[in-house]
Amino acid sequence: MKILFLDQSGKPGGAELCLIDIAKPYRHHCLVGLFADGSFKSLLEQNEIPVEILTNREIQVRKESSLSQGLASLTQLLPLINKVATIAREYDLIYANTQKALVVGAIASFISRRPLVYHLHDILSPEHFSKTNRTIAVSLANRFAKLIIANSQASKQAFIEAGGKENIIEIAYNGFDSNLYQISNDEIKKLRQELGLENKFIIGHFSRLSPWKGQHILIEALAKCPENAVVILVGDALFGEQEYVKKLHLQVTNLGLGNRVKFLGFRNDIPQLMSACDLIAHTSTAAEPFGRVIVEGMLCGKPVIAAKAGGAMEIVENGVNGFLVVPNQPQELAIVINQCMQEIEKTQTLANKARESAIARFDVEVINQNIAGFLRNLLQV
Ligand code: UDP
Ligand code: GLC
């Protein structure tokens, strides 16, 4: 099966990291076409997945675009659409991994007569997308996609509520290789030393710095925690959220937390860093479509506190394999962090269970087999 994958991003967000795992089994028969250059390309190359940058023009549509902006950018896309349609003739199907990839892939699939698969990584709700963008995504998916793979029940549900067809949707959670998340005690000790946080209770937050990822909620909660609790914020502003980064630094200064919050920027050693933490916090203020970081924390055998909405509720069962707190409530988050700090053994037992359940539910081999089954059905091979 020859697949042309399309993704708009040059940077490795969760949807892109997920695509690496999906494309890997097809690396001898696929191409990943990107609409921007950047470190995602290098990651694909490291994984020996063929990749090509298909345009060097920036695509202007943003999550909150109006109809006129949307239409204007569609005309800009014509050369790219033609290029994709020509390449697609060499492949059995087009696999669009992001919304702009859907726009380009939909029209290219019509021209090249190749079936379109859309991997839906987003919750198409008003809190995440403008009405125009939701309408464009749903209309194109309904009209052109032969199959939609949603990253969670929550993403599937929001798609249907936005007017999406129900009968072409399958669900595939992100898959993980659990071996990558087993880190030795020596390595953990060394990393804690390097961070200068050997005797601290480390709360890790792993996410791009963006208002809806809610780093500010964790900082506010930290002010209500004992002095030996510290926070590491791992991630960068991937999509231009510099104002938010400034706000976070200001918040830390104003709360007098300068020596208790570390900004580590984007890192490639997530399993190691997570393993060096005592607790992982996920604090998205809008419903998280899936939440890779929640599963990764569990695979590291760390207690995870997640914001109770969207995909997080499909991953975490409160008090069984993690904790769920109401989004946007720093006070509630602080109470649960304090509890975890006091009940270390009980919390660790729960984290061990979490690890077992994450290994069983999110095995990348099993999830890839499921996806391969969906694609075979589509092509009837
Ligand atoms: N991540 C990373 N380096 C960082 C911060 C995050 O590699 O510095 C990874 C993280 O481990 C996770 C992904 O980025 O696999 C983020 O995916 P998630 O689904 O949690 O959120 P998204 O950013 O896609 O909304
Ligand atoms: C998107 C979502 C995130 C999800 C990831 C992988 O980036 O925001 O919640 O985990 O895709 O499906």
# chains A, B, ... in the order shown; residues from 1 in each chain; ligands from 1
call {"tool": "residues_near_ligand", "arguments": {"ligand": "ligand 2", "cutoff": "7 Å", "atoms": "only C-alpha atoms and all ligand atoms", "output": "list of chain:residue names"}}
result
A:Gly13, A:Gly14, A:Ala15, A:Cys18, A:His121, A:Asp122, A:Asn151, A:Asn174, A:Glu288, A:Pro289, A:Phe290, A:Gly291, A:Arg292
call {"tool": "write_last_selection", "arguments": {"atoms": "C-alpha atoms", "output": "tab-separated table (two decimals), in the first residue's frame"}}
result
chain	number	residue	atom	x	y	z
A	13	GLY	CA	3.47	19.01	17.72
A	14	GLY	CA	1.57	15.96	18.99
A	15	ALA	CA	-0.17	15.33	15.64
A	18	CYS	CA	1.81	10.64	16.08
A	121	HIS	CA	-6.48	15.34	15.78
A	122	ASP	CA	-8.69	18.28	16.81
A	151	ASN	CA	-7.81	10.48	17.85
A	174	ASN	CA	-2.12	7.50	19.67
A	288	GLU	CA	-7.79	18.23	25.06
A	289	PRO	CA	-8.47	16.20	21.88
A	290	PHE	CA	-6.31	13.30	23.08
A	291	GLY	CA	-3.31	14.27	25.24
A	292	ARG	CA	-0.14	12.35	24.43
call {"tool": "residues_around", "arguments": {"residues": "Ile111 of chain A", "least_positions_apart": "6", "cutoff": "10 Å", "atoms": "only C-alpha atoms", "output": "PDB file with C-alpha atoms, in the first residue's frame"}}
result
ATOM      1  CA  ILE A  81      -2.938  21.570  -4.737  1.00  0.00           C
ATOM      2  CA  ASN A  82      -1.767  20.906  -8.305  1.00  0.00           C
ATOM      3  CA  VAL A  84      -0.061  17.305  -4.559  1.00  0.00           C
ATOM      4  CA  ALA A  85      -2.508  15.997  -7.192  1.00  0.00           C
ATOM      5  CA  THR A  86       0.395  15.173  -9.524  1.00  0.00           C
ATOM      6  CA  ALA A  88      -0.750  11.565  -5.558  1.00  0.00           C
ATOM      7  CA  ARG A  89      -1.102   9.709  -8.864  1.00  0.00           C
ATOM      8  CA  GLY A 105      -5.719  16.871   0.123  1.00  0.00           C
TER       9      GLY A 105
END
call {"tool": "atom_distance", "arguments": {"atom1": "atom CA of Phe266 of chain A", "atom2": "atom CA of Asn368 of chain A"}}
result
27.0 Å
call {"tool": "residues_near_ligand", "arguments": {"ligand": "ligand 1", "cutoff": "10 Å", "atoms": "only C-alpha atoms and all ligand atoms", "output": "number ranges by chain"}}
result
A: 12-18, 121-122, 151, 174, 176, 205-210, 212-213, 233-238, 264-271, 273-274, 282, 284, 288-297, 311
call {"tool": "atom_distance", "arguments": {"atom1": "atom CA of Gly373 of chain A", "atom2": "atom CA of Lys41 of chain A"}}
result
27.2 Å
call {"tool": "closest_residue", "arguments": {"among": "A:Gln342, A:Asn377, A:Asn167, A:Gln99", "to": "Arg134 of chain A", "atoms": "only C-alpha atoms"}}
result
A:Gln99
call {"tool": "atom_distance", "arguments": {"atom1": "atom CA of Arg260 of chain A", "atom2": "atom CA of Ala286 of chain A"}}
result
26.0 Å
call {"tool": "residues_around", "arguments": {"residues": "Pro126 of chain A", "least_positions_apart": "6", "cutoff": "10 Å", "atoms": "only C-alpha atoms", "output": "PyMOL selection string"}}
result
chain A and resi 64+133-134+158+162
call {"tool": "residues_around", "arguments": {"residues": "segment 142-144 of chain A", "least_positions_apart": "6", "cutoff": "7 Å", "atoms": "only C-alpha atoms", "output": "PyMOL selection string"}}
result
chain A and resi 106+116+164-165
call {"tool": "select_by_dssp", "arguments": {"residues": "segment 10-190 of chain A", "states": "helix (DSSP H, G or I)", "output": "ChimeraX atom specification"}}
result
/A:14-26,39-46,67-76,78-88,99-112,131-144,153-161,178-181,185-190
call {"tool": "write_last_selection", "arguments": {"atoms": "C-alpha atoms", "output": "PDB file, in the first residue's frame"}}
result
ATOM      1  CA  GLY A  14       1.573  15.963  18.988  1.00  0.00           C
ATOM      2  CA  ALA A  15      -0.168  15.330  15.638  1.00  0.00           C
ATOM      3  CA  GLU A  16       3.229  15.263  13.922  1.00  0.00           C
ATOM      4  CA  LEU A  17       4.805  12.930  16.516  1.00  0.00           C
ATOM      5  CA  CYS A  18       1.809  10.635  16.079  1.00  0.00           C
ATOM      6  CA  LEU A  19       2.299  10.704  12.285  1.00  0.00           C
ATOM      7  CA  ILE A  20       5.895   9.493  12.665  1.00  0.00           C
ATOM      8  CA  ASP A  21       4.616   6.325  14.342  1.00  0.00           C
ATOM      9  CA  ILE A  22       1.873   5.827  11.757  1.00  0.00           C
ATOM     10  CA  ALA A  23       4.140   6.382   8.734  1.00  0.00           C
ATOM     11  CA  LYS A  24       7.035   4.221   9.988  1.00  0.00           C
ATOM     12  CA  PRO A  25       5.622   0.852   8.849  1.00  0.00           C
ATOM     13  CA  TYR A  26       5.109   2.328   5.345  1.00  0.00           C
ATOM     14  CA  SER A  39      12.671  20.322  12.766  1.00  0.00           C
ATOM     15  CA  PHE A  40       9.774  17.938  12.003  1.00  0.00           C
ATOM     16  CA  LYS A  41      11.467  17.196   8.676  1.00  0.00           C
ATOM     17  CA  SER A  42      14.685  16.218  10.488  1.00  0.00           C
ATOM     18  CA  LEU A  43      12.756  13.939  12.846  1.00  0.00           C
ATOM     19  CA  LEU A  44      11.162  12.152   9.872  1.00  0.00           C
ATOM     20  CA  GLU A  45      14.592  11.762   8.273  1.00  0.00           C
ATOM     21  CA  GLN A  46      16.020  10.333  11.505  1.00  0.00           C
ATOM     22  CA  LEU A  67     -14.745  33.376   5.363  1.00  0.00           C
ATOM     23  CA  SER A  68     -13.082  36.017   3.145  1.00  0.00           C
ATOM     24  CA  GLN A  69      -9.634  35.209   4.591  1.00  0.00           C
ATOM     25  CA  GLY A  70     -10.379  31.528   4.077  1.00  0.00           C
ATOM     26  CA  LEU A  71     -11.313  32.001   0.421  1.00  0.00           C
ATOM     27  CA  ALA A  72      -8.337  34.289  -0.244  1.00  0.00           C
ATOM     28  CA  SER A  73      -5.953  31.668   1.089  1.00  0.00           C
ATOM     29  CA  LEU A  74      -7.628  28.975  -1.023  1.00  0.00           C
ATOM     30  CA  THR A  75      -6.512  30.774  -4.211  1.00  0.00           C
ATOM     31  CA  GLN A  76      -2.955  30.966  -2.813  1.00  0.00           C
ATOM     32  CA  LEU A  78      -3.740  26.350  -6.030  1.00  0.00           C
ATOM     33  CA  PRO A  79      -0.093  25.660  -7.033  1.00  0.00           C
ATOM     34  CA  LEU A  80       0.311  23.424  -3.980  1.00  0.00           C
ATOM     35  CA  ILE A  81      -2.938  21.570  -4.737  1.00  0.00           C
ATOM     36  CA  ASN A  82      -1.767  20.906  -8.305  1.00  0.00           C
ATOM     37  CA  LYS A  83       1.578  19.627  -7.091  1.00  0.00           C
ATOM     38  CA  VAL A  84      -0.061  17.305  -4.559  1.00  0.00           C
ATOM     39  CA  ALA A  85      -2.508  15.997  -7.192  1.00  0.00           C
ATOM     40  CA  THR A  86       0.395  15.173  -9.524  1.00  0.00           C
ATOM     41  CA  ILE A  87       2.376  13.378  -6.792  1.00  0.00           C
ATOM     42  CA  ALA A  88      -0.750  11.565  -5.558  1.00  0.00           C
ATOM     43  CA  GLN A  99      -6.705  20.744   8.741  1.00  0.00           C
ATOM     44  CA  LYS A 100      -4.786  22.602   6.042  1.00  0.00           C
ATOM     45  CA  ALA A 101      -3.641  19.226   4.741  1.00  0.00           C
ATOM     46  CA  LEU A 102      -7.343  18.314   4.547  1.00  0.00           C
ATOM     47  CA  VAL A 103      -8.103  21.383   2.439  1.00  0.00           C
ATOM     48  CA  VAL A 104      -5.269  20.657   0.003  1.00  0.00           C
ATOM     49  CA  GLY A 105      -5.719  16.871   0.123  1.00  0.00           C
ATOM     50  CA  ALA A 106      -9.486  17.054  -0.508  1.00  0.00           C
ATOM     51  CA  ILE A 107      -9.204  18.909  -3.790  1.00  0.00           C
ATOM     52  CA  ALA A 108      -6.091  16.979  -4.831  1.00  0.00           C
ATOM     53  CA  SER A 109      -7.919  13.700  -4.169  1.00  0.00           C
ATOM     54  CA  PHE A 110     -10.754  14.857  -6.432  1.00  0.00           C
ATOM     55  CA  ILE A 111      -8.323  15.774  -9.239  1.00  0.00           C
ATOM     56  CA  SER A 112      -6.113  12.684  -8.904  1.00  0.00           C
ATOM     57  CA  LYS A 131     -17.250  28.863  12.718  1.00  0.00           C
ATOM     58  CA  THR A 132     -15.693  29.317   9.260  1.00  0.00           C
ATOM     59  CA  ASN A 133     -12.880  26.892   9.941  1.00  0.00           C
ATOM     60  CA  ARG A 134     -15.258  24.326  11.409  1.00  0.00           C
ATOM     61  CA  THR A 135     -17.561  24.629   8.397  1.00  0.00           C
ATOM     62  CA  ILE A 136     -14.686  24.276   5.935  1.00  0.00           C
ATOM     63  CA  ALA A 137     -13.269  21.220   7.729  1.00  0.00           C
ATOM     64  CA  VAL A 138     -16.604  19.440   8.129  1.00  0.00           C
ATOM     65  CA  SER A 139     -17.831  20.193   4.599  1.00  0.00           C
ATOM     66  CA  LEU A 140     -14.598  19.032   2.960  1.00  0.00           C
ATOM     67  CA  ALA A 141     -14.378  15.926   5.128  1.00  0.00           C
ATOM     68  CA  ASN A 142     -18.034  15.032   4.454  1.00  0.00           C
ATOM     69  CA  ARG A 143     -17.716  15.580   0.718  1.00  0.00           C
ATOM     70  CA  PHE A 144     -14.254  14.137  -0.015  1.00  0.00           C
ATOM     71  CA  GLN A 153     -14.192   9.602  21.165  1.00  0.00           C
ATOM     72  CA  ALA A 154     -14.258  13.292  22.158  1.00  0.00           C
ATOM     73  CA  SER A 155     -12.868  14.416  18.775  1.00  0.00           C
ATOM     74  CA  LYS A 156     -15.314  12.109  16.970  1.00  0.00           C
ATOM     75  CA  GLN A 157     -18.263  13.459  18.970  1.00  0.00           C
ATOM     76  CA  ALA A 158     -17.358  17.110  18.349  1.00  0.00           C
ATOM     77  CA  PHE A 159     -17.008  16.372  14.606  1.00  0.00           C
ATOM     78  CA  ILE A 160     -20.497  14.859  14.502  1.00  0.00           C
ATOM     79  CA  GLU A 161     -21.924  17.757  16.524  1.00  0.00           C
ATOM     80  CA  SER A 178       6.473   1.457  26.168  1.00  0.00           C
ATOM     81  CA  ASN A 179      10.149   0.355  26.109  1.00  0.00           C
ATOM     82  CA  LEU A 180      11.167   3.928  25.337  1.00  0.00           C
ATOM     83  CA  TYR A 181       9.704   5.046  28.663  1.00  0.00           C
ATOM     84  CA  ASN A 185      17.574   5.084  38.218  1.00  0.00           C
ATOM     85  CA  ASP A 186      21.130   6.193  37.411  1.00  0.00           C
ATOM     86  CA  GLU A 187      19.928   8.267  34.506  1.00  0.00           C
ATOM     87  CA  ILE A 188      17.163   9.787  36.627  1.00  0.00           C
ATOM     88  CA  LYS A 189      19.610  10.666  39.419  1.00  0.00           C
ATOM     89  CA  LYS A 190      21.997  12.303  36.964  1.00  0.00           C
TER      90      LYS A 190
END
call {"tool": "select_by_dssp", "arguments": {"residues": "segment 288-354 of chain A", "states": "strand (DSSP E)", "output": "VMD selection string"}}
result
chain A and resid 304 to 307 323 to 325
call {"tool": "write_last_selection", "arguments": {"atoms": "all heavy atoms", "output": "compact mmCIF listing (two decimals), in the first residue's frame"}}
result
# COMPACT_ATOMS: atom_id res chain seq x y z
N VAL A 304 -0.24 11.14 37.28
CA VAL A 304 -0.62 12.25 36.39
C VAL A 304 -1.92 12.88 36.88
O VAL A 304 -2.88 12.18 37.20
CB VAL A 304 -0.85 11.74 34.94
CG1 VAL A 304 -1.24 12.89 34.01
CG2 VAL A 304 0.41 11.04 34.40
N ILE A 305 -1.90 14.20 36.96
CA ILE A 305 -3.14 14.94 37.24
C ILE A 305 -3.53 15.60 35.92
O ILE A 305 -2.75 16.34 35.34
CB ILE A 305 -2.94 16.05 38.29
CG1 ILE A 305 -2.30 15.51 39.56
CG2 ILE A 305 -4.27 16.74 38.60
CD1 ILE A 305 -2.00 16.57 40.62
N ALA A 306 -4.74 15.30 35.42
CA ALA A 306 -5.14 15.83 34.12
C ALA A 306 -6.42 16.66 34.23
O ALA A 306 -7.23 16.45 35.14
CB ALA A 306 -5.34 14.69 33.13
N ALA A 307 -6.57 17.59 33.30
CA ALA A 307 -7.77 18.42 33.26
C ALA A 307 -8.93 17.60 32.71
O ALA A 307 -8.82 16.97 31.64
CB ALA A 307 -7.52 19.65 32.39
N PHE A 323 -5.43 11.23 38.25
CA PHE A 323 -6.37 12.15 38.90
C PHE A 323 -6.94 13.08 37.84
O PHE A 323 -6.23 13.51 36.93
CB PHE A 323 -5.66 12.98 39.97
CG PHE A 323 -5.01 12.13 41.03
CD1 PHE A 323 -3.66 11.80 40.93
CD2 PHE A 323 -5.75 11.65 42.11
CE1 PHE A 323 -3.06 11.00 41.90
CE2 PHE A 323 -5.16 10.85 43.08
CZ PHE A 323 -3.81 10.52 42.97
N LEU A 324 -8.23 13.40 38.00
CA LEU A 324 -8.85 14.38 37.09
C LEU A 324 -9.29 15.58 37.92
O LEU A 324 -9.90 15.40 39.00
CB LEU A 324 -10.06 13.76 36.40
CG LEU A 324 -9.76 12.68 35.36
CD1 LEU A 324 -11.06 11.97 34.92
CD2 LEU A 324 -9.06 13.27 34.13
N VAL A 325 -8.98 16.77 37.45
CA VAL A 325 -9.44 17.98 38.15
C VAL A 325 -10.19 18.87 37.15
O VAL A 325 -9.92 18.83 35.95
CB VAL A 325 -8.28 18.77 38.79
CG1 VAL A 325 -7.62 18.00 39.91
CG2 VAL A 325 -7.24 19.18 37.76
call {"tool": "decode", "arguments": {"residues": "segment 319-359 of chain A", "atoms": "N, CA and C atoms", "output": "mmCIF file, in the first residue's frame"}}
result
data_model
loop_
_atom_site.group_PDB
_atom_site.id
_atom_site.type_symbol
_atom_site.label_atom_id
_atom_site.label_comp_id
_atom_site.auth_asym_id
_atom_site.auth_seq_id
_atom_site.Cartn_x
_atom_site.Cartn_y
_atom_site.Cartn_z
ATOM 1 N N GLY A 319 -8.668 8.597 40.447
ATOM 2 C CA GLY A 319 -8.434 7.815 41.659
ATOM 3 C C GLY A 319 -8.050 6.374 41.362
ATOM 4 N N VAL A 320 -8.075 5.956 40.095
ATOM 5 C CA VAL A 320 -7.734 4.573 39.740
ATOM 6 C C VAL A 320 -6.369 4.526 39.053
ATOM 7 N N ASN A 321 -6.232 5.309 37.955
ATOM 8 C CA ASN A 321 -4.934 5.323 37.259
ATOM 9 C C ASN A 321 -4.427 6.759 37.062
ATOM 10 N N GLY A 322 -4.921 7.649 37.884
ATOM 11 C CA GLY A 322 -4.513 9.052 37.787
ATOM 12 C C GLY A 322 -5.551 9.919 38.473
ATOM 13 N N PHE A 323 -5.432 11.225 38.253
ATOM 14 C CA PHE A 323 -6.372 12.147 38.898
ATOM 15 C C PHE A 323 -6.942 13.082 37.843
ATOM 16 N N LEU A 324 -8.229 13.404 37.998
ATOM 17 C CA LEU A 324 -8.850 14.385 37.092
ATOM 18 C C LEU A 324 -9.294 15.580 37.922
ATOM 19 N N VAL A 325 -8.978 16.771 37.452
ATOM 20 C CA VAL A 325 -9.445 17.977 38.146
ATOM 21 C C VAL A 325 -10.192 18.870 37.150
ATOM 22 N N VAL A 326 -11.097 19.689 37.685
ATOM 23 C CA VAL A 326 -11.863 20.577 36.816
ATOM 24 C C VAL A 326 -10.893 21.555 36.141
ATOM 25 N N PRO A 327 -10.993 21.721 34.810
ATOM 26 C CA PRO A 327 -10.068 22.646 34.126
ATOM 27 C C PRO A 327 -10.211 24.066 34.667
ATOM 28 N N ASN A 328 -9.117 24.817 34.614
ATOM 29 C CA ASN A 328 -9.179 26.237 34.992
ATOM 30 C C ASN A 328 -9.339 26.481 36.484
ATOM 31 N N GLN A 329 -9.071 25.487 37.319
ATOM 32 C CA GLN A 329 -9.287 25.629 38.768
ATOM 33 C C GLN A 329 -7.973 25.398 39.513
ATOM 34 N N PRO A 330 -7.113 26.424 39.628
ATOM 35 C CA PRO A 330 -5.818 26.235 40.291
ATOM 36 C C PRO A 330 -5.950 25.777 41.744
ATOM 37 N N GLN A 331 -7.028 26.222 42.392
ATOM 38 C CA GLN A 331 -7.230 25.853 43.799
ATOM 39 C C GLN A 331 -7.389 24.330 43.918
ATOM 40 N N GLU A 332 -8.240 23.760 43.041
ATOM 41 C CA GLU A 332 -8.480 22.315 43.082
ATOM 42 C C GLU A 332 -7.199 21.556 42.715
ATOM 43 N N LEU A 333 -6.489 22.078 41.732
ATOM 44 C CA LEU A 333 -5.233 21.432 41.330
ATOM 45 C C LEU A 333 -4.255 21.413 42.514
ATOM 46 N N ALA A 334 -4.175 22.535 43.227
ATOM 47 C CA ALA A 334 -3.258 22.632 44.372
ATOM 48 C C ALA A 334 -3.626 21.609 45.449
ATOM 49 N N ILE A 335 -4.925 21.408 45.669
ATOM 50 C CA ILE A 335 -5.356 20.441 46.698
ATOM 51 C C ILE A 335 -4.870 19.038 46.327
ATOM 52 N N VAL A 336 -5.033 18.674 45.048
ATOM 53 C CA VAL A 336 -4.630 17.318 44.628
ATOM 54 C C VAL A 336 -3.098 17.182 44.678
ATOM 55 N N ILE A 337 -2.379 18.230 44.281
ATOM 56 C CA ILE A 337 -0.903 18.154 44.370
ATOM 57 C C ILE A 337 -0.496 17.946 45.832
ATOM 58 N N ASN A 338 -1.091 18.716 46.734
ATOM 59 C CA ASN A 338 -0.767 18.581 48.165
ATOM 60 C C ASN A 338 -1.043 17.171 48.669
ATOM 61 N N GLN A 339 -2.186 16.612 48.205
ATOM 62 C CA GLN A 339 -2.541 15.221 48.602
ATOM 63 C C GLN A 339 -1.446 14.256 48.141
ATOM 64 N N CYS A 340 -1.033 14.403 46.878
ATOM 65 C CA CYS A 340 -0.008 13.502 46.324
ATOM 66 C C CYS A 340 1.287 13.654 47.114
ATOM 67 N N MET A 341 1.605 14.860 47.538
ATOM 68 C CA MET A 341 2.853 15.085 48.278
ATOM 69 C C MET A 341 2.802 14.427 49.653
ATOM 70 N N GLN A 342 1.573 14.336 50.197
ATOM 71 C CA GLN A 342 1.441 13.730 51.535
ATOM 72 C C GLN A 342 1.329 12.207 51.473
ATOM 73 N N GLU A 343 0.664 11.706 50.439
ATOM 74 C CA GLU A 343 0.400 10.253 50.371
ATOM 75 C C GLU A 343 1.267 9.634 49.285
ATOM 76 N N ILE A 344 2.575 9.683 49.495
ATOM 77 C CA ILE A 344 3.522 9.267 48.458
ATOM 78 C C ILE A 344 3.304 7.799 48.050
ATOM 79 N N GLU A 345 3.179 6.914 49.052
ATOM 80 C CA GLU A 345 3.096 5.478 48.715
ATOM 81 C C GLU A 345 1.822 5.135 47.966
ATOM 82 N N LYS A 346 0.712 5.665 48.488
ATOM 83 C CA LYS A 346 -0.590 5.398 47.858
ATOM 84 C C LYS A 346 -0.577 5.917 46.412
ATOM 85 N N THR A 347 0.012 7.089 46.232
ATOM 86 C CA THR A 347 0.060 7.697 44.901
ATOM 87 C C THR A 347 0.917 6.857 43.961
ATOM 88 N N GLN A 348 2.026 6.314 44.498
ATOM 89 C CA GLN A 348 2.911 5.508 43.646
ATOM 90 C C GLN A 348 2.226 4.201 43.221
ATOM 91 N N THR A 349 1.436 3.622 44.135
ATOM 92 C CA THR A 349 0.708 2.390 43.774
ATOM 93 C C THR A 349 -0.220 2.675 42.599
ATOM 94 N N LEU A 350 -0.890 3.813 42.672
ATOM 95 C CA LEU A 350 -1.798 4.208 41.585
ATOM 96 C C LEU A 350 -1.012 4.433 40.283
ATOM 97 N N ALA A 351 0.162 5.047 40.405
ATOM 98 C CA ALA A 351 0.973 5.316 39.198
ATOM 99 C C ALA A 351 1.459 4.004 38.573
ATOM 100 N N ASN A 352 1.754 3.013 39.412
ATOM 101 C CA ASN A 352 2.174 1.715 38.867
ATOM 102 C C ASN A 352 1.039 1.071 38.071
ATOM 103 N N LYS A 353 -0.172 1.204 38.614
ATOM 104 C CA LYS A 353 -1.353 0.670 37.904
ATOM 105 C C LYS A 353 -1.532 1.416 36.587
ATOM 106 N N ALA A 354 -1.300 2.720 36.646
ATOM 107 C CA ALA A 354 -1.470 3.554 35.450
ATOM 108 C C ALA A 354 -0.535 3.068 34.350
ATOM 109 N N ARG A 355 0.687 2.728 34.740
ATOM 110 C CA ARG A 355 1.671 2.267 33.769
ATOM 111 C C ARG A 355 1.162 0.992 33.080
ATOM 112 N N GLU A 356 0.681 0.054 33.905
ATOM 113 C CA GLU A 356 0.164 -1.199 33.343
ATOM 114 C C GLU A 356 -0.985 -0.921 32.368
ATOM 115 N N SER A 357 -1.901 -0.053 32.775
ATOM 116 C CA SER A 357 -3.072 0.173 31.908
ATOM 117 C C SER A 357 -2.655 0.893 30.628
ATOM 118 N N ALA A 358 -1.671 1.798 30.715
ATOM 119 C CA ALA A 358 -1.233 2.506 29.499
ATOM 120 C C ALA A 358 -0.522 1.543 28.542
ATOM 121 N N ILE A 359 0.280 0.617 29.101
ATOM 122 C CA ILE A 359 0.956 -0.368 28.234
ATOM 123 C C ILE A 359 -0.096 -1.196 27.490
#
